[in-house]
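> So that you have it, the file is model.tsv, and it contains TSV, C-alpha atoms:
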chain	number	residue	atom	x	y	z
A	1	MET	CA	31.00	49.85	-12.19
A	2	ALA	CA	33.48	48.06	-14.46
A	3	LEU	CA	30.62	46.61	-16.54
A	4	LEU	CA	29.04	50.05	-16.87
A	5	THR	CA	32.36	51.51	-18.02
A	6	LEU	CA	32.75	48.74	-20.58
A	7	PHE	CA	29.19	49.24	-21.81
A	8	LEU	CA	29.72	52.99	-22.20
A	9	ALA	CA	33.01	52.44	-24.04
A	10	VAL	CA	31.42	50.00	-26.47
A	11	SER	CA	28.43	52.30	-26.95
A	12	VAL	CA	30.72	55.15	-27.94
A	13	ALA	CA	33.15	53.10	-30.04
A	14	LEU	CA	30.75	50.99	-32.11
A	15	PRO	CA	29.01	53.86	-33.98
A	16	ALA	CA	32.42	55.25	-34.91
A	17	LEU	CA	33.90	51.92	-35.99
A	18	LEU	CA	30.78	50.42	-37.59
A	19	PRO	CA	28.67	53.44	-38.53
A	20	VAL	CA	25.33	53.39	-40.27
A	21	ILE	CA	26.55	54.94	-43.49
A	22	SER	CA	25.06	58.12	-44.84
A	23	PHE	CA	25.46	59.95	-48.12
A	24	ALA	CA	26.04	63.60	-48.88
A	25	LYS	CA	22.98	65.32	-50.28
A	26	PRO	CA	23.16	65.44	-54.10
A	27	THR	CA	24.09	68.89	-55.37
A	28	GLY	CA	22.05	68.95	-58.60
A	29	PRO	CA	18.76	70.78	-59.14
A	30	TYR	CA	16.62	67.62	-59.18
A	31	PRO	CA	15.36	65.31	-56.46
A	32	VAL	CA	16.24	61.68	-57.25
A	33	GLY	CA	13.79	58.89	-57.97
A	34	THR	CA	14.55	55.19	-58.22
A	35	THR	CA	12.90	52.01	-59.44
A	36	VAL	CA	13.95	48.38	-60.00
A	37	PHE	CA	13.46	46.05	-62.98
A	38	HIS	CA	13.85	42.30	-63.47
A	39	TRP	CA	14.90	41.58	-67.04
A	40	VAL	CA	15.30	38.11	-68.57
A	41	ASP	CA	17.37	37.56	-71.71
A	42	GLU	CA	15.46	34.79	-73.47
A	43	ARG	CA	18.27	34.44	-76.06
A	44	ARG	CA	20.89	33.34	-73.54
A	45	GLY	CA	21.08	30.41	-71.16
A	46	GLU	CA	22.43	30.69	-67.62
A	47	SER	CA	25.84	29.01	-67.38
A	48	TYR	CA	25.90	29.15	-63.57
A	49	THR	CA	22.87	26.91	-63.01
A	50	GLU	CA	22.33	23.23	-63.73
A	51	ASN	CA	18.93	23.57	-65.43
A	52	PRO	CA	19.54	23.87	-69.19
A	53	ASP	CA	16.24	25.77	-69.55
A	54	ASP	CA	17.33	28.60	-67.26
A	55	LYS	CA	17.81	31.97	-68.93
A	56	ARG	CA	20.10	34.84	-67.97
A	57	GLU	CA	18.23	37.01	-65.45
A	58	LEU	CA	19.41	40.44	-64.37
A	59	MET	CA	18.23	42.80	-61.67
A	60	VAL	CA	18.59	46.42	-62.75
A	61	GLN	CA	18.04	49.61	-60.75
A	62	ILE	CA	17.40	52.99	-62.33
A	63	TRP	CA	17.94	56.40	-60.72
A	64	TYR	CA	16.49	59.44	-62.44
A	65	PRO	CA	15.66	63.14	-62.07
A	66	ALA	CA	12.40	63.33	-60.14
A	67	ALA	CA	9.68	65.95	-60.21
A	68	GLU	CA	9.45	68.25	-57.19
A	69	GLY	CA	6.83	66.87	-54.85
A	70	GLY	CA	6.48	63.75	-56.99
A	71	GLY	CA	8.24	61.44	-54.56
A	72	LYS	CA	7.04	58.68	-52.35
A	73	LYS	CA	8.95	57.01	-49.54
A	74	GLN	CA	12.71	57.18	-49.13
A	75	SER	CA	14.59	54.22	-50.56
A	76	PRO	CA	16.68	52.06	-48.22
A	77	TYR	CA	20.29	51.53	-49.18
A	78	VAL	CA	19.77	47.81	-49.75
A	79	GLN	CA	16.57	46.07	-50.69
A	80	ASN	CA	16.07	42.43	-49.58
A	81	ALA	CA	18.24	43.45	-46.66
A	82	SER	CA	18.92	40.12	-44.93
A	83	LYS	CA	20.21	38.41	-48.06
A	84	MET	CA	22.09	41.41	-49.39
A	85	THR	CA	23.84	42.42	-46.17
A	86	ALA	CA	24.96	38.82	-45.62
A	87	ALA	CA	26.32	38.64	-49.18
A	88	ILE	CA	28.10	42.00	-48.94
A	89	SER	CA	29.70	40.98	-45.63
A	90	SER	CA	30.84	37.54	-46.76
A	91	LYS	CA	31.36	37.78	-50.53
A	92	MET	CA	32.78	41.29	-50.79
A	93	LEU	CA	34.52	41.71	-47.46
A	94	GLY	CA	35.28	38.13	-46.39
A	95	LEU	CA	33.66	38.71	-42.99
A	96	PRO	CA	30.95	36.84	-41.07
A	97	ALA	CA	27.54	37.24	-42.70
A	98	PHE	CA	26.21	39.31	-39.78
A	99	ALA	CA	29.10	41.81	-39.75
A	100	PHE	CA	27.34	44.48	-41.78
A	101	SER	CA	23.73	43.62	-41.05
A	102	HIS	CA	23.33	47.23	-39.92
A	103	LEU	CA	23.44	48.29	-43.59
A	104	ARG	CA	19.71	47.60	-43.55
A	105	LEU	CA	19.34	50.80	-41.50
A	106	ALA	CA	21.07	53.02	-44.06
A	107	LYS	CA	18.93	55.36	-46.12
A	108	THR	CA	19.53	57.11	-49.40
A	109	HIS	CA	18.28	60.37	-50.88
A	110	SER	CA	16.31	58.50	-53.56
A	111	LEU	CA	12.52	58.32	-53.56
A	112	LEU	CA	10.93	55.02	-54.52
A	113	GLU	CA	8.78	55.15	-57.67
A	114	ALA	CA	8.88	58.96	-57.82
A	115	LYS	CA	7.47	60.77	-60.83
A	116	LEU	CA	10.06	61.57	-63.50
A	117	SER	CA	10.72	65.28	-63.99
A	118	ASP	CA	9.71	66.55	-67.43
A	119	SER	CA	12.01	69.60	-67.24
A	120	GLU	CA	14.68	68.43	-69.70
A	121	SER	CA	13.10	65.42	-71.42
A	122	PRO	CA	14.59	63.42	-73.03
A	123	TYR	CA	17.49	62.75	-70.67
A	124	PRO	CA	20.90	61.27	-71.44
A	125	VAL	CA	21.40	57.79	-69.98
A	126	LEU	CA	24.38	56.30	-68.14
A	127	ILE	CA	25.03	52.61	-67.52
A	128	PHE	CA	26.85	51.69	-64.29
A	129	SER	CA	28.94	48.51	-63.87
A	130	HIS	CA	30.03	47.31	-60.43
A	131	GLY	CA	33.19	45.26	-59.79
A	132	MET	CA	33.57	41.55	-59.10
A	133	ASN	CA	31.42	40.62	-56.09
A	134	GLY	CA	29.96	44.12	-56.14
A	135	TYR	CA	26.31	45.12	-56.40
A	136	ARG	CA	24.26	47.48	-58.53
A	137	ASN	CA	24.05	50.28	-55.95
A	138	GLN	CA	27.62	50.05	-54.59
A	139	ASN	CA	28.20	53.61	-55.90
A	140	THR	CA	25.12	55.26	-54.44
A	141	PHE	CA	27.25	58.30	-53.58
A	142	GLN	CA	27.80	58.78	-57.34
A	143	VAL	CA	24.63	57.58	-59.06
A	144	GLU	CA	22.43	59.87	-56.96
A	145	GLU	CA	24.67	62.83	-57.75
A	146	LEU	CA	24.52	62.15	-61.49
A	147	ALA	CA	20.74	61.66	-61.44
A	148	SER	CA	20.33	64.95	-59.57
A	149	HIS	CA	22.16	66.66	-62.46
A	150	GLY	CA	19.78	65.37	-65.10
A	151	TYR	CA	20.94	61.85	-65.98
A	152	ILE	CA	19.01	58.59	-66.04
A	153	VAL	CA	21.43	56.11	-64.44
A	154	VAL	CA	21.05	52.36	-64.91
A	155	GLY	CA	22.87	50.04	-62.48
A	156	ILE	CA	23.28	46.34	-63.34
A	157	ASP	CA	23.62	43.35	-61.00
A	158	TYR	CA	25.79	40.86	-62.92
A	159	ALA	CA	24.07	37.68	-61.76
A	160	TYR	CA	26.23	35.10	-59.92
A	161	GLU	CA	29.17	37.52	-60.01
A	162	ALA	CA	27.52	40.28	-58.03
A	163	ALA	CA	27.65	39.64	-54.28
A	164	ALA	CA	24.01	38.63	-54.70
A	165	SER	CA	21.04	39.28	-56.96
A	166	VAL	CA	17.66	38.81	-55.35
A	167	TYR	CA	14.82	38.20	-57.80
A	168	PRO	CA	11.19	39.28	-57.28
A	169	ASP	CA	10.11	35.76	-56.29
A	170	GLY	CA	12.73	35.64	-53.52
A	171	ARG	CA	15.33	33.51	-55.28
A	172	ALA	CA	18.88	34.70	-54.67
A	173	ALA	CA	21.69	34.32	-57.19
A	174	MET	CA	24.68	34.33	-54.85
A	175	SER	CA	28.19	34.95	-56.14
A	176	LYS	CA	29.80	31.86	-57.64
A	177	ILE	CA	33.01	33.39	-58.99
A	178	GLY	CA	35.55	30.64	-59.59
A	179	ALA	CA	38.85	30.52	-57.74
A	180	ASP	CA	40.68	30.27	-61.06
A	181	LEU	CA	39.66	33.76	-62.14
A	182	THR	CA	42.97	35.36	-61.21
A	183	SER	CA	45.09	36.05	-64.30
A	184	ASN	CA	44.81	38.68	-67.03
A	185	ALA	CA	44.24	35.90	-69.57
A	186	LYS	CA	41.32	34.50	-67.55
A	187	TYR	CA	39.78	37.95	-67.20
A	188	ASP	CA	40.17	38.47	-70.97
A	189	GLU	CA	38.22	35.26	-71.58
A	190	HIS	CA	35.58	36.13	-69.03
A	191	ILE	CA	34.70	39.68	-69.98
A	192	PRO	CA	32.23	38.81	-72.82
A	193	LEU	CA	29.69	37.57	-70.23
A	194	TRP	CA	29.51	41.07	-68.77
A	195	THR	CA	29.64	42.95	-72.06
A	196	ASP	CA	26.81	40.73	-73.33
A	197	ASP	CA	24.86	41.64	-70.18
A	198	ALA	CA	25.53	45.35	-70.70
A	199	THR	CA	24.50	45.10	-74.36
A	200	PHE	CA	21.27	43.36	-73.36
A	201	VAL	CA	20.54	46.04	-70.75
A	202	LEU	CA	21.06	48.78	-73.33
A	203	ASP	CA	18.65	46.92	-75.62
A	204	GLN	CA	16.10	46.85	-72.80
A	205	VAL	CA	16.59	50.56	-72.12
A	206	GLU	CA	15.80	51.22	-75.79
A	207	LYS	CA	12.61	49.18	-75.41
A	208	LEU	CA	11.76	51.03	-72.20
A	209	ASN	CA	12.06	54.31	-74.07
A	210	LEU	CA	9.68	53.04	-76.76
A	211	ASN	CA	7.10	51.60	-74.37
A	212	ASP	CA	7.40	51.66	-70.58
A	213	SER	CA	4.34	49.94	-69.14
A	214	THR	CA	4.27	52.48	-66.30
A	215	GLY	CA	4.59	55.38	-68.75
A	216	ARG	CA	7.45	56.85	-66.72
A	217	PHE	CA	10.28	56.48	-69.26
A	218	THR	CA	8.40	56.32	-72.58
A	219	GLY	CA	10.01	58.86	-74.90
A	220	LYS	CA	12.08	60.27	-72.03
A	221	ILE	CA	15.45	58.59	-72.73
A	222	ASP	CA	17.85	60.01	-75.31
A	223	MET	CA	19.52	56.97	-76.86
A	224	ASN	CA	21.76	59.29	-78.88
A	225	ARG	CA	23.39	60.39	-75.63
A	226	VAL	CA	24.53	57.21	-73.88
A	227	GLY	CA	27.50	57.03	-71.51
A	228	MET	CA	28.89	54.35	-69.24
A	229	PHE	CA	30.96	54.19	-66.07
A	230	GLY	CA	32.29	51.38	-63.93
A	231	HIS	CA	34.53	50.39	-61.04
A	232	SER	CA	37.26	47.74	-61.05
A	233	PHE	CA	36.25	44.87	-63.39
A	234	GLY	CA	33.20	46.96	-64.23
A	235	GLY	CA	35.61	49.63	-65.42
A	236	ALA	CA	37.16	47.12	-67.81
A	237	VAL	CA	33.67	46.30	-69.09
A	238	THR	CA	33.09	50.00	-69.63
A	239	VAL	CA	36.22	50.29	-71.79
A	240	GLN	CA	35.11	47.33	-73.91
A	241	MET	CA	31.60	48.72	-74.35
A	242	LEU	CA	33.04	52.08	-75.44
A	243	ARG	CA	35.23	50.21	-77.91
A	244	LYS	CA	32.58	47.93	-79.40
A	245	ASP	CA	29.10	49.45	-78.96
A	246	PRO	CA	28.42	52.52	-81.14
A	247	ARG	CA	25.61	53.58	-78.80
A	248	VAL	CA	28.12	54.33	-76.01
A	249	LYS	CA	29.49	57.79	-76.71
A	250	ALA	CA	31.65	58.46	-73.62
A	251	ALA	CA	32.95	56.39	-70.71
A	252	LEU	CA	34.58	56.67	-67.30
A	253	SER	CA	36.59	53.90	-65.60
A	254	MET	CA	37.30	54.07	-61.89
A	255	ASP	CA	40.46	52.10	-61.14
A	256	GLY	CA	39.42	49.49	-63.67
A	257	GLY	CA	41.57	46.97	-65.51
A	258	PHE	CA	42.00	46.76	-69.27
A	259	TYR	CA	40.78	43.26	-70.01
A	260	GLY	CA	39.25	41.94	-73.19
A	261	GLN	CA	40.02	42.80	-76.78
A	262	PRO	CA	43.10	45.05	-77.10
A	263	VAL	CA	42.53	48.73	-77.74
A	264	SER	CA	44.39	50.21	-80.72
A	265	ASP	CA	47.56	52.13	-79.89
A	266	GLU	CA	45.76	55.14	-81.35
A	267	GLY	CA	43.19	55.04	-78.54
A	268	LEU	CA	39.45	54.48	-78.29
A	269	GLY	CA	38.47	57.33	-80.60
A	270	LYS	CA	35.79	58.47	-78.13
A	271	PRO	CA	35.86	60.52	-74.90
A	272	PHE	CA	37.34	58.45	-72.06
A	273	LEU	CA	38.27	59.40	-68.49
A	274	MET	CA	40.42	57.12	-66.33
A	275	MET	CA	40.50	57.60	-62.56
A	276	TYR	CA	43.43	55.78	-60.93
A	277	SER	CA	43.86	55.04	-57.24
A	278	GLU	CA	47.22	55.67	-55.63
A	279	GLU	CA	47.04	52.14	-54.20
A	280	THR	CA	46.84	50.57	-57.66
A	281	TYR	CA	49.35	53.00	-59.16
A	282	LYS	CA	51.95	52.11	-56.55
A	283	LYS	CA	51.45	48.39	-57.21
A	284	VAL	CA	51.86	48.90	-60.94
A	285	MET	CA	54.93	51.07	-60.57
A	286	THR	CA	56.69	48.82	-58.04
A	287	ALA	CA	59.74	47.30	-59.75
A	288	PHE	CA	60.83	43.70	-59.23
A	289	ASP	CA	64.12	44.79	-57.67
A	290	ASP	CA	62.21	46.61	-54.91
A	291	VAL	CA	60.42	43.45	-53.75
A	292	ALA	CA	62.79	40.66	-54.83
A	293	GLY	CA	63.18	38.00	-52.17
A	294	LYS	CA	59.85	38.68	-50.47
A	295	THR	CA	57.49	35.76	-49.96
A	296	GLY	CA	55.20	35.08	-52.93
A	297	VAL	CA	56.94	37.43	-55.37
A	298	GLY	CA	58.29	34.67	-57.63
A	299	SER	CA	60.47	35.22	-60.66
A	300	ARG	CA	61.24	38.52	-62.37
A	301	GLU	CA	59.40	37.43	-65.52
A	302	ALA	CA	56.26	36.35	-63.66
A	303	PHE	CA	56.24	39.59	-61.67
A	304	GLU	CA	56.94	41.97	-64.55
A	305	ALA	CA	54.67	40.51	-67.26
A	306	PRO	CA	51.24	41.58	-65.90
A	307	ARG	CA	52.67	44.93	-64.76
A	308	LYS	CA	54.03	45.74	-68.21
A	309	GLU	CA	50.81	44.55	-69.84
A	310	TYR	CA	48.72	46.85	-67.64
A	311	ILE	CA	50.94	49.85	-68.41
A	312	GLN	CA	50.74	49.19	-72.16
A	313	ARG	CA	46.99	48.61	-72.21
A	314	SER	CA	46.42	51.70	-70.09
A	315	ALA	CA	48.52	53.81	-72.46
A	316	HIS	CA	46.61	52.52	-75.50
A	317	ALA	CA	43.20	53.25	-73.92
A	318	LEU	CA	44.25	56.83	-73.14
A	319	ALA	CA	46.03	57.56	-76.42
A	320	GLY	CA	44.61	60.22	-78.69
A	321	GLY	CA	43.21	62.53	-76.02
A	322	GLY	CA	42.03	60.29	-73.17
A	323	LEU	CA	41.74	62.05	-69.80
A	324	SER	CA	43.19	60.83	-66.51
A	325	ILE	CA	43.43	61.75	-62.83
A	326	LEU	CA	44.90	60.11	-59.71
A	327	ILE	CA	43.56	61.03	-56.26
A	328	PRO	CA	46.46	61.08	-53.80
A	329	GLY	CA	45.97	58.67	-50.90
A	330	SER	CA	43.08	56.90	-52.63
A	331	LYS	CA	42.59	53.16	-52.51
A	332	HIS	CA	40.85	50.80	-54.90
A	333	ALA	CA	37.63	50.94	-52.86
A	334	SER	CA	37.76	54.74	-52.63
A	335	TYR	CA	35.76	54.71	-55.86
A	336	SER	CA	32.80	52.97	-54.18
A	337	ASP	CA	30.59	53.22	-51.11
A	338	LEU	CA	32.80	50.67	-49.35
A	339	ALA	CA	35.18	53.45	-48.35
A	340	LEU	CA	32.44	54.64	-45.94
A	341	PHE	CA	31.74	51.30	-44.30
A	342	SER	CA	34.25	51.29	-41.44
A	343	PRO	CA	37.68	52.71	-40.65
A	344	LEU	CA	38.56	49.23	-39.34
A	345	LEU	CA	38.53	47.87	-42.89
A	346	GLY	CA	41.11	50.31	-44.22
A	347	LEU	CA	39.34	50.46	-47.57
A	348	GLY	CA	39.37	54.21	-47.99
A	349	SER	CA	41.70	57.13	-47.56
A	350	ALA	CA	41.84	59.35	-44.50
A	351	ASP	CA	39.05	61.46	-46.02
A	352	PRO	CA	36.75	59.26	-48.14
A	353	ARG	CA	34.05	61.94	-48.41
A	354	ARG	CA	36.53	64.32	-50.04
A	355	ASP	CA	37.45	61.55	-52.50
A	356	HIS	CA	33.78	61.01	-53.31
A	357	ARG	CA	33.25	64.73	-53.82
A	358	ILE	CA	36.14	64.83	-56.31
A	359	VAL	CA	34.81	61.76	-58.15
A	360	ASN	CA	31.37	63.33	-58.39
A	361	GLU	CA	32.61	66.71	-59.58
A	362	PHE	CA	34.71	65.16	-62.33
A	363	SER	CA	31.95	62.68	-63.29
A	364	VAL	CA	29.36	65.42	-63.77
A	365	ALA	CA	31.79	67.72	-65.60
A	366	PHE	CA	32.97	64.90	-67.91
A	367	PHE	CA	29.52	63.69	-68.93
A	368	ASP	CA	28.19	67.27	-69.16
A	369	ARG	CA	31.02	68.00	-71.59
A	370	TYR	CA	30.63	64.96	-73.80
A	371	LEU	CA	26.93	64.06	-73.54
A	372	LYS	CA	25.31	67.45	-72.92
A	373	GLY	CA	27.63	69.39	-75.22
A	374	LYS	CA	28.90	71.89	-72.65
A	375	ASP	CA	32.36	73.38	-73.04
A	376	ASP	CA	35.34	72.07	-71.08
A	377	SER	CA	35.51	75.01	-68.66
A	378	ALA	CA	34.19	72.91	-65.75
A	379	LEU	CA	36.90	70.30	-66.30
A	380	GLN	CA	39.56	73.00	-66.55
A	381	ASP	CA	38.29	74.66	-63.38
A	382	LEU	CA	38.50	71.34	-61.54
A	383	ALA	CA	42.02	70.74	-62.83
A	384	ALA	CA	43.03	74.14	-61.44
A	385	ARG	CA	41.22	73.58	-58.12
A	386	TYR	CA	42.85	70.17	-57.58
A	387	PRO	CA	46.39	70.38	-59.02
A	388	GLU	CA	47.41	67.39	-56.89
A	389	LEU	CA	45.27	65.12	-59.12
A	390	ASN	CA	47.59	65.70	-62.09
A	391	TYR	CA	44.67	66.01	-64.53
A	392	LYS	CA	46.02	65.04	-67.93
A	393	VAL	CA	44.94	65.03	-71.55
A	394	ASN	CA	46.97	62.10	-72.87
A	395	ARG	CA	48.39	62.17	-76.39
Could you take the file, read its structure, and then write that structure out as structure tokens?

Amino acid sequence: MALLTLFLAVSVALPALLPVISFAKPTGPYPVGTTVFHWVDERRGESYTENPDDKRELMVQIWYPAAEGGGKKQSPYVQNASKMTAAISSKMLGLPAFAFSHLRLAKTHSLLEAKLSDSESPYPVLIFSHGMNGYRNQNTFQVEELASHGYIVVGIDYAYEAAASVYPDGRAAMSKIGADLTSNAKYDEHIPLWTDDATFVLDQVEKLNLNDSTGRFTGKIDMNRVGMFGHSFGGAVTVQMLRKDPRVKAALSMDGGFYGQPVSDEGLGKPFLMMYSEETYKKVMTAFDDVAGKTGVGSREAFEAPRKEYIQRSAHALAGGGLSILIPGSKHASYSDLALFSPLLGLGSADPRRDHRIVNEFSVAFFDRYLKGKDDSALQDLAARYPELNYKVNR
């Protein structure tokens, strides 16, 4: 009887504590299609491998508005499930490789190799950048929503700094991020690898628009309407791409840093939306005197320097009309699928699906305003609906 009771308790508890994640149905008018590309940059060597002949290889996934009835089978959340779930468990979450093996059971709303809708061709394109040890589809909740509203969304695996990239021949580029990558200065030095990757991917998207061998994207991508969004370190990459690449017309950073070349104190000169988490905001705003004497805090100068640098860089990026919100109760991972993984991890707020809904509503309204040329009424309506976010136009 005791064993039966234990079995029943475990059977009830496990689905709640380690659920098979699911995603809200996208709200846009289009079904969502998805496909994957393997792109090799023949101009650049691979610094993470020992073979000097190796080139930089990137796995890229595209989500897009699909034609009604033009879909095939439903896409799993992770492809190459055994390698990817092990990498996500160990590299991202620091847990045993088997801990999230059940992610292989998760499904998305995307249809593999679906026919592209021709309703609004050509479509604006958005590039998505994950964070350190992330993966190209770590924001499935968001990329599917954007695709359903008429965007072609391109997610990049940053090889050897994603949790894992699995190539078509079965090779896996597992994360090899160095232990010394901890300071702002180190991140500043490191960011060109990712911006070079993003530039290369944009180049490939241009080529895809000129001549897609499948015919799906030929002439269907509007390279005059390019946006970018990213989470964490990927958010910092997004800021740098908005600053340096004239093709990128608008950008959204989700709790990202401000690494790389400094932004002018007059701002980026292009539409920019910053989404802060309360978790990060509290860390930034914590004064030395509030934590002095605690283990690992160190000197006042060492504690204050990166904090002051973040505040200054953030202010420069938002100057001249940059937009910002902060979701109360949100954590760094609230801006990714990780918030849905398990309440045991404590990675999300008390209501991660509400957070995701807010992120999606603002993402669509922002890119609709600045890439599709709509007025700002949707953004103003959202600001009124969610006054607790403190939506701001920064001057």
> Wanna dump the region 177-288 of chain A-region 45-62 of chain A contacts at 10 Å for me, each residue with its shortest atom pair and the distance in Å to one decimal, counting all atoms listed in the file, ordered by chain and number, as a tab-separated table?

residue	atom	partner	partner_atom	distance
A:Ile177	CA	A:Tyr48	CA	9.5
A:Leu193	CA	A:Ser47	CA	9.8
A:Asp197	CA	A:Leu58	CA	8.1
A:Phe200	CA	A:Leu58	CA	9.6
A:Val201	CA	A:Val60	CA	8.2
> For Ser110 (chain A), which of A:Tyr259, A:Tyr335, A:Phe233, A:Tyr30 is the closest residue, counting all atoms listed in the file?
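Comparing A:Tyr259, A:Tyr335, A:Phe233, A:Tyr30 against Ser110 (chain A), the winner is A:Tyr30.
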> By how many Å are CA of Leu371 (chain A) and CA of Trp194 (chain A) apart?
23.6 Å
> For each of A:Phe303, A:Phe341, A:Phe217, A:Pro29, take the minimum atom-to-atom distance to Gln204 (chain A), counting only C-alpha atoms, then give the residue where this is smallest.
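Looking only at the distances to Gln204 (chain A), the closest residue turns out to be A:Phe217.
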> Figure out the distance between CA of Thr195 (chain A) and CA of Tyr158 (chain A), please, to one decimal in Å.
10.1 Å
> Counting only C-alpha atoms, figure out which residue out of A:Asn137, A:Thr108, A:Ser148, A:Ser101 gets nearest to Pro31 (chain A).
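The shortest atom-to-atom distance to Pro31 (chain A) comes from A:Ser148.
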> Find the distance between CA of Gln240 (chain A) and CA of Ile191 (chain A) and write it in Å to one decimal.
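Interatomic distance, CA of Gln240 (chain A) to CA of Ile191 (chain A): 8.6 Å.
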> I'd like to know which of A:Asn394, A:Gln142, A:Ser253, A:Gln380 is closest to Gly267 (chain A), using only C-alpha atoms.
A:Asn394
> For a quick check of understanding, using only C-alpha atoms, which of A:Ser175, A:Ser334, A:Thr218, A:Ser264 has the smallest distance to Met132 (chain A)?
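Using only C-alpha atoms, Met132 (chain A) sits closest to A:Ser175.
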> Give as a list in words every residue, naming chains and numbers as the document does, that has an atom within 7 Å of (37.0, 44.2, -76.0), counting all atoms listed in the file.
Gln240, Arg243, Lys244, Gly260, Gln261 and Pro262 of chain A
> Could you take the residues named above and write them with C-alpha atoms, as an mmCIF file, keeping the file's coordinate frame?

data_model
loop_
_atom_site.group_PDB
_atom_site.id
_atom_site.type_symbol
_atom_site.label_atom_id
_atom_site.label_comp_id
_atom_site.auth_asym_id
_atom_site.auth_seq_id
_atom_site.Cartn_x
_atom_site.Cartn_y
_atom_site.Cartn_z
ATOM 1 C CA GLN A 240 35.110 47.330 -73.910
ATOM 2 C CA ARG A 243 35.230 50.210 -77.910
ATOM 3 C CA LYS A 244 32.580 47.930 -79.400
ATOM 4 C CA GLY A 260 39.250 41.940 -73.190
ATOM 5 C CA GLN A 261 40.020 42.800 -76.780
ATOM 6 C CA PRO A 262 43.100 45.050 -77.100
#
> Let me make sure I understand: among A:Glu189, A:Glu68, A:Glu145, A:Asp255, which one has the smallest atom-to-atom distance to Asn360 (chain A) if we use only C-alpha atoms?
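Going through A:Glu189, A:Glu68, A:Glu145, A:Asp255 one by one, the smallest distance to Asn360 (chain A) is for A:Glu145.
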> Please list, as a list in words, the residues that have an atom at most 10 Å away from (2.2, 57.0, -63.6) in the coordinates of this file, counting only C-alpha atoms.
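Result, sorted by chain then residue number: Glu113, Ala114, Lys115, Leu116, Ser213, Thr214, Gly215, Arg216 and Phe217 of chain A.
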> Deliver the residues from the most recent selection as a file, using C-alpha atoms, as a PDB file, in the frame of the given file.

ATOM      1  CA  GLU A 113       8.780  55.150 -57.670  1.00  0.00           C
ATOM      2  CA  ALA A 114       8.880  58.960 -57.820  1.00  0.00           C
ATOM      3  CA  LYS A 115       7.470  60.770 -60.830  1.00  0.00           C
ATOM      4  CA  LEU A 116      10.060  61.570 -63.500  1.00  0.00           C
ATOM      5  CA  SER A 213       4.340  49.940 -69.140  1.00  0.00           C
ATOM      6  CA  THR A 214       4.270  52.480 -66.300  1.00  0.00           C
ATOM      7  CA  GLY A 215       4.590  55.380 -68.750  1.00  0.00           C
ATOM      8  CA  ARG A 216       7.450  56.850 -66.720  1.00  0.00           C
ATOM      9  CA  PHE A 217      10.280  56.480 -69.260  1.00  0.00           C
TER      10      PHE A 217
END
> Show which residues sit within 10 Å of region 274-288 of chain A, as a short mmCIF file (atom, residue, chain, number, x, y, z; two decimals) with C-alpha atoms, in the frame of the given file. Count all atoms listed in the file, and ignore same-chain residues fewer than 3 positions away.

data_model
loop_
_atom_site.label_atom_id
_atom_site.label_comp_id
_atom_site.auth_asym_id
_atom_site.auth_seq_id
_atom_site.Cartn_x
_atom_site.Cartn_y
_atom_site.Cartn_z
CA PHE A 229 30.96 54.19 -66.07
CA HIS A 231 34.53 50.39 -61.04
CA GLY A 235 35.61 49.63 -65.42
CA VAL A 239 36.22 50.29 -71.79
CA ALA A 251 32.95 56.39 -70.71
CA LEU A 252 34.58 56.67 -67.30
CA SER A 253 36.59 53.90 -65.60
CA MET A 254 37.30 54.07 -61.89
CA ASP A 255 40.46 52.10 -61.14
CA GLY A 256 39.42 49.49 -63.67
CA VAL A 291 60.42 43.45 -53.75
CA ALA A 292 62.79 40.66 -54.83
CA GLY A 293 63.18 38.00 -52.17
CA VAL A 297 56.94 37.43 -55.37
CA GLY A 298 58.29 34.67 -57.63
CA SER A 299 60.47 35.22 -60.66
CA ARG A 300 61.24 38.52 -62.37
CA GLU A 301 59.40 37.43 -65.52
CA ALA A 302 56.26 36.35 -63.66
CA PHE A 303 56.24 39.59 -61.67
CA GLU A 304 56.94 41.97 -64.55
CA PRO A 306 51.24 41.58 -65.90
CA ARG A 307 52.67 44.93 -64.76
CA LYS A 308 54.03 45.74 -68.21
CA GLU A 309 50.81 44.55 -69.84
CA TYR A 310 48.72 46.85 -67.64
CA ILE A 311 50.94 49.85 -68.41
CA SER A 314 46.42 51.70 -70.09
CA ALA A 317 43.20 53.25 -73.92
CA LEU A 318 44.25 56.83 -73.14
CA GLY A 322 42.03 60.29 -73.17
CA LEU A 323 41.74 62.05 -69.80
CA SER A 324 43.19 60.83 -66.51
CA ILE A 325 43.43 61.75 -62.83
CA LEU A 326 44.90 60.11 -59.71
CA ILE A 327 43.56 61.03 -56.26
CA PRO A 328 46.46 61.08 -53.80
CA GLY A 329 45.97 58.67 -50.90
CA SER A 330 43.08 56.90 -52.63
CA LYS A 331 42.59 53.16 -52.51
CA HIS A 332 40.85 50.80 -54.90
CA ALA A 333 37.63 50.94 -52.86
CA SER A 334 37.76 54.74 -52.63
CA TYR A 335 35.76 54.71 -55.86
CA SER A 349 41.70 57.13 -47.56
CA VAL A 359 34.81 61.76 -58.15
CA PHE A 362 34.71 65.16 -62.33
CA SER A 363 31.95 62.68 -63.29
CA LEU A 389 45.27 65.12 -59.12
CA TYR A 391 44.67 66.01 -64.53
CA LYS A 392 46.02 65.04 -67.93
#
> For Ala147 (chain A), please output as a list in words all residues within 9 Å (counting only C-alpha atoms; exclusion window: fewer than 4 positions along the same chain).
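My list of contacting residues is Pro26, Gly28, Tyr30, Pro31, Val32, Gly33, Trp63, Tyr64, Pro65, Ala66, Gln142, Val143, Tyr151, Ile152 and Val153 of chain A.
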